[in-house]
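**Student:** One structure, pasted below without further comment.
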Amino acid sequence: MKLIQHTTLSLLSAMVLAACGGGGSSDPAPAPGPAAGAPPSAPGPAPAPTPAAQLTGTVAVGAPITGGTLRVIDANGTVAASGIIVAADGSYEVPTLTGTAPYRIEACGYAGPNYQCIYSVTQGTGRANVTPLTTATVLLASGQAPEALMAGANATLTPSAVNTAQTQLRTSLASVLTGNVSGSFDFVGGDLAAGSRTGYDKVLDAIGVSTGVDTQPFVQITPRQGTGNLYLEVGATPVGTLTQNSQAANMSLGGVETLFSKMTTAIQSATVCNNATTGLRPLLSADAMLSMGEGDPITGAVAVAEGLCQFLGGEDNDSGGPMWGSTFLSPTLGRCDFGGAAPVCRVSFVIRDPAGNVQPVGQGMAVGFEGGEWRFRGDASPISIHASARVQRDQALLAGQVTTSYSRALAFDIPALTGLQCAKVSQPDTNGGVTTVAYYKRYDGEGAIRRLSVWRDNNSGDSRGMDPLHGFARSSDDTWLMLPSGVEGDGVVRNFFRAGRTVQVSLYSDDACSTALNVAGQSQFDVDVEGVPPLWANLPSLAWPELTSTTKTNLGSFTLATAASADFNVAWGFTGGRVGVNGITFCVDRAECGQDQPGRIGERNVSPAVSSGVVPVTNNNPPITAGHYKMIALYGSGPEGVGLQSNYIICATGTVGECH
């Protein structure tokens, strides 16, 4: 909901690190021509024609994925192709396809700000797209989570099973397909132009597709240009429906690409960016609004353009310097609002800098269709509420024994506006009603209150306070709502799966949460949750990054004198699936491991494409001995933006309860 400060952050400081991607490539220099005045050389034999690739397709989520790579495995689990580069337009080519059909396909890269993998299937050579809808096809055809299919032998993805899965999807998505593609469209082999915002690509813009596991794997589809929620399992009757807004069919989205292309041109230098006619200003809505961190948002095209240019110039960010020459990535679309005079759609706001690093520069951004063209609006809502999901694993080594524990949470960042005393967060339930998730209130302590805190039933534990008249706000920065383990917390998660991923935040001007507070004419705001935590039983099976045995051994023996510095090598792998690891922290005190706190002695941003990194550490504490508490935290982003952190902790002494 605001510009992101590019400071390395982690779950330990209740924040998320912006992802950083791998480097770009440059074209080779052209071969030199003949010297001036030299006689022409005799023509040589004509070059042999390049053989056609045996497998081609497009990888897209509406926008093409960025920095993508693709691999293919056959029915026996043998790798048929790997390291295939996905081009900037989403296209890919596999020169030679070996092995036995059916083939399973995995493509990983950035979709907006999130690094994720999507899946597909092909029965042989030809064309195979890789999209969220082919991911859904793979799940419904196999009855298995797609990431679990990418190892070992598997022959479940037969032509019959794939056709049945596609029929189930097409039937459920009839209102979305109408006017875009035929009712018999092939999601795997059909025509797809990523970023065109037409045809198949417009279908991908219109829906959000998620997969997960409850009692069995499922597909959830949420509308971006309509209403409803769709929950699909193999062989089961769909739960819910989708209804496309009647205005969506006539809404041209191609201009969104044009807008972001013009914005890229406008950020090539400070001079261009600040120019009243060639810079950002003419590309913005007259009523643009942008939250820049603390304080009230800036408003109006002139002020917002100036604020963005200052941010990109390095004046208001911690990225290490100006970001001129960056490219705005083709945006992924969020929910569109048709309630006003013209449509307004949420969009991702992500750049790739000249070094090739991918990083989000804003959350909760929107574009609006005004005067026959799309313009950038900045904040999508008059109050910048952000909702997200987090999961965490601790592996603690004490006396030779490893103890593993898990936690999951929802984080609601609700700014403490003047006059705002209470906020209620509610979610739809599977019975068609609304369930209260939590209350948030002001903390009655000293100092500035920047955001509301979770209302709890006591001032020391994590339990939610469900009575606004009785409870506690325990600190001024307590925004994390820890979900209970087991069935109680699973109820909240299942409501998100089956009833939709949008919560309603109601604002009140009194401490009893009874008198509505209006902001820009409304007191209730719909907020999309970025990601959803898994069910409790499924936490162990997430694609947690695992430190190598060498890294663990070296962590145990690591020593460092006071005021000394060193480099620590960290390497990791995955036991199943993968997520985008964005960064590493090295801590010697869990209680003091937040950003800029003394317990954090080292940190490093990494690309999700790598599996190792060197962390520079500096010890400003007492000497670190082999028996000292030490923790390596790997953190990043899972599918759909769920924040994930995996901690490996070494304790030489103490109890299990203290080694956390």
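As shown in the structure tokens, the chain order sets the letters A, B, ...; within each chain, residues go from 1, and ligands are also counted from 1 in the order they appear.
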Using 12 Å as the limit and counting only C-alpha atoms, can you tabulate each residue of region 471-531 of chain A that touches region 200-216 of chain A, with its shortest atom-to-atom distance in Å and the two atoms involved, as JSON lines?

**Tutor:**
{"residue": "A:Asp490", "atom": "CA", "partner": "A:Asp214", "partner_atom": "CA", "distance": 9.7}
{"residue": "A:Gly491", "atom": "CA", "partner": "A:Asp214", "partner_atom": "CA", "distance": 11.5}
{"residue": "A:Val493", "atom": "CA", "partner": "A:Asp214", "partner_atom": "CA", "distance": 9.9}
{"residue": "A:Arg494", "atom": "CA", "partner": "A:Asp214", "partner_atom": "CA", "distance": 8.2}
{"residue": "A:Asn495", "atom": "CA", "partner": "A:Asp214", "partner_atom": "CA", "distance": 11.8}
{"residue": "A:Phe496", "atom": "CA", "partner": "A:Ser210", "partner_atom": "CA", "distance": 11.4}
{"residue": "A:Phe497", "atom": "CA", "partner": "A:Gly212", "partner_atom": "CA", "distance": 8.6}
{"residue": "A:Arg498", "atom": "CA", "partner": "A:Asp214", "partner_atom": "CA", "distance": 10.8}
{"residue": "A:Gly500", "atom": "CA", "partner": "A:Gly208", "partner_atom": "CA", "distance": 10.8}
{"residue": "A:Arg501", "atom": "CA", "partner": "A:Gly208", "partner_atom": "CA", "distance": 10.2}
{"residue": "A:Asp528", "atom": "CA", "partner": "A:Gly208", "partner_atom": "CA", "distance": 11.4}
{"residue": "A:Glu530", "atom": "CA", "partner": "A:Gly208", "partner_atom": "CA", "distance": 11.6}
{"residue": "A:Gly531", "atom": "CA", "partner": "A:Ser210", "partner_atom": "CA", "distance": 9.2}

**Student:** Based on the selection just made, write N, CA, C and O atoms of those residues as a PDB file, in the first residue's frame.

**Tutor:**
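Resulting contents of selection-v5.pdb:
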ATOM      1  N   ASP A 490      -7.065 -23.885  11.649  1.00  0.00           N
ATOM      2  CA  ASP A 490      -7.445 -24.422  10.338  1.00  0.00           C
ATOM      3  C   ASP A 490      -8.796 -23.892   9.877  1.00  0.00           C
ATOM      4  O   ASP A 490      -9.041 -23.766   8.674  1.00  0.00           O
ATOM      5  N   GLY A 491      -9.674 -23.578  10.821  1.00  0.00           N
ATOM      6  CA  GLY A 491     -10.973 -23.037  10.443  1.00  0.00           C
ATOM      7  C   GLY A 491     -10.853 -21.724   9.702  1.00  0.00           C
ATOM      8  O   GLY A 491     -11.557 -21.475   8.716  1.00  0.00           O
ATOM      9  N   VAL A 493      -8.206 -20.780   7.960  1.00  0.00           N
ATOM     10  CA  VAL A 493      -7.582 -21.080   6.672  1.00  0.00           C
ATOM     11  C   VAL A 493      -8.609 -21.652   5.702  1.00  0.00           C
ATOM     12  O   VAL A 493      -8.672 -21.257   4.527  1.00  0.00           O
ATOM     13  N   ARG A 494      -9.440 -22.576   6.164  1.00  0.00           N
ATOM     14  CA  ARG A 494     -10.430 -23.201   5.271  1.00  0.00           C
ATOM     15  C   ARG A 494     -11.453 -22.189   4.776  1.00  0.00           C
ATOM     16  O   ARG A 494     -11.939 -22.290   3.646  1.00  0.00           O
ATOM     17  N   ASN A 495     -11.795 -21.215   5.591  1.00  0.00           N
ATOM     18  CA  ASN A 495     -12.705 -20.166   5.115  1.00  0.00           C
ATOM     19  C   ASN A 495     -12.087 -19.407   3.944  1.00  0.00           C
ATOM     20  O   ASN A 495     -12.771 -19.057   2.988  1.00  0.00           O
ATOM     21  N   PHE A 496     -10.787 -19.146   4.022  1.00  0.00           N
ATOM     22  CA  PHE A 496     -10.115 -18.479   2.901  1.00  0.00           C
ATOM     23  C   PHE A 496     -10.165 -19.335   1.642  1.00  0.00           C
ATOM     24  O   PHE A 496     -10.361 -18.837   0.540  1.00  0.00           O
ATOM     25  N   PHE A 497      -9.966 -20.637   1.798  1.00  0.00           N
ATOM     26  CA  PHE A 497      -9.971 -21.520   0.635  1.00  0.00           C
ATOM     27  C   PHE A 497     -11.342 -21.566  -0.041  1.00  0.00           C
ATOM     28  O   PHE A 497     -11.452 -21.456  -1.259  1.00  0.00           O
ATOM     29  N   ARG A 498     -12.391 -21.723   0.756  1.00  0.00           N
ATOM     30  CA  ARG A 498     -13.707 -22.021   0.196  1.00  0.00           C
ATOM     31  C   ARG A 498     -14.632 -20.821   0.053  1.00  0.00           C
ATOM     32  O   ARG A 498     -15.626 -20.889  -0.657  1.00  0.00           O
ATOM     33  N   GLY A 500     -13.283 -17.401  -0.222  1.00  0.00           N
ATOM     34  CA  GLY A 500     -12.619 -16.253  -0.825  1.00  0.00           C
ATOM     35  C   GLY A 500     -11.496 -15.697   0.021  1.00  0.00           C
ATOM     36  O   GLY A 500     -11.459 -15.894   1.238  1.00  0.00           O
ATOM     37  N   ARG A 501     -10.596 -14.997  -0.635  1.00  0.00           N
ATOM     38  CA  ARG A 501      -9.385 -14.515   0.019  1.00  0.00           C
ATOM     39  C   ARG A 501      -9.413 -13.015   0.279  1.00  0.00           C
ATOM     40  O   ARG A 501      -8.385 -12.363   0.367  1.00  0.00           O
ATOM     41  N   ASP A 528      -7.582  -7.637  -0.077  1.00  0.00           N
ATOM     42  CA  ASP A 528      -7.143  -8.959  -0.509  1.00  0.00           C
ATOM     43  C   ASP A 528      -5.946  -9.399   0.322  1.00  0.00           C
ATOM     44  O   ASP A 528      -4.995  -8.629   0.514  1.00  0.00           O
ATOM     45  N   GLU A 530      -2.603 -11.302   0.803  1.00  0.00           N
ATOM     46  CA  GLU A 530      -1.499 -11.790  -0.015  1.00  0.00           C
ATOM     47  C   GLU A 530      -1.079 -13.167   0.506  1.00  0.00           C
ATOM     48  O   GLU A 530      -0.396 -13.295   1.511  1.00  0.00           O
ATOM     49  N   GLY A 531      -1.509 -14.207  -0.216  1.00  0.00           N
ATOM     50  CA  GLY A 531      -1.224 -15.565   0.214  1.00  0.00           C
ATOM     51  C   GLY A 531      -2.129 -16.012   1.342  1.00  0.00           C
ATOM     52  O   GLY A 531      -2.814 -15.204   1.980  1.00  0.00           O
TER      53      GLY A 531
END

**Student:** Let's see if you can do this: from backbone DSSP, list all strand (DSSP E) residues in region 355-534 of chain A, as JSON, numbers by chain.

**Tutor:** {"A": [358, 359, 360, 361, 362, 363, 364, 365, 366, 367, 368, 369, 370, 373, 374, 375, 376, 377, 378, 379, 386, 387, 388, 389, 390, 391, 392, 393, 394, 395, 396, 397, 398, 401, 402, 403, 404, 405, 406, 407, 408, 409, 410, 411, 412, 413, 422, 423, 424, 425, 426, 427, 428, 434, 435, 436, 437, 438, 439, 440, 441, 453, 454, 480, 481, 482, 502, 503, 504, 505, 506, 507, 508, 524, 525, 526, 527, 528, 529, 530]}

**Student:** Identify, with DSSP run on backbone atoms, the residues in region 512-628 of chain A assigned to helix (DSSP H, G or I), and express the list as a list in words.

**Tutor:**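 Going through region 512-628 of chain A, the helix (DSSP H, G or I) residues come out as Trp536, Ala537, Asn538, Leu539, Pro540, Ser541, Ser549, Thr550, Thr551, Lys552, Thr553, Asn554, Leu555, Gly556, Ser557, Arg590, Ala591 and Glu592 of chain A.
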
**Student:** In Å to one decimal, how far is CA of Gln597 (chain A) from CA of Lys441 (chain A)?

**Tutor:**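 A separation of 26.8 Å between them.
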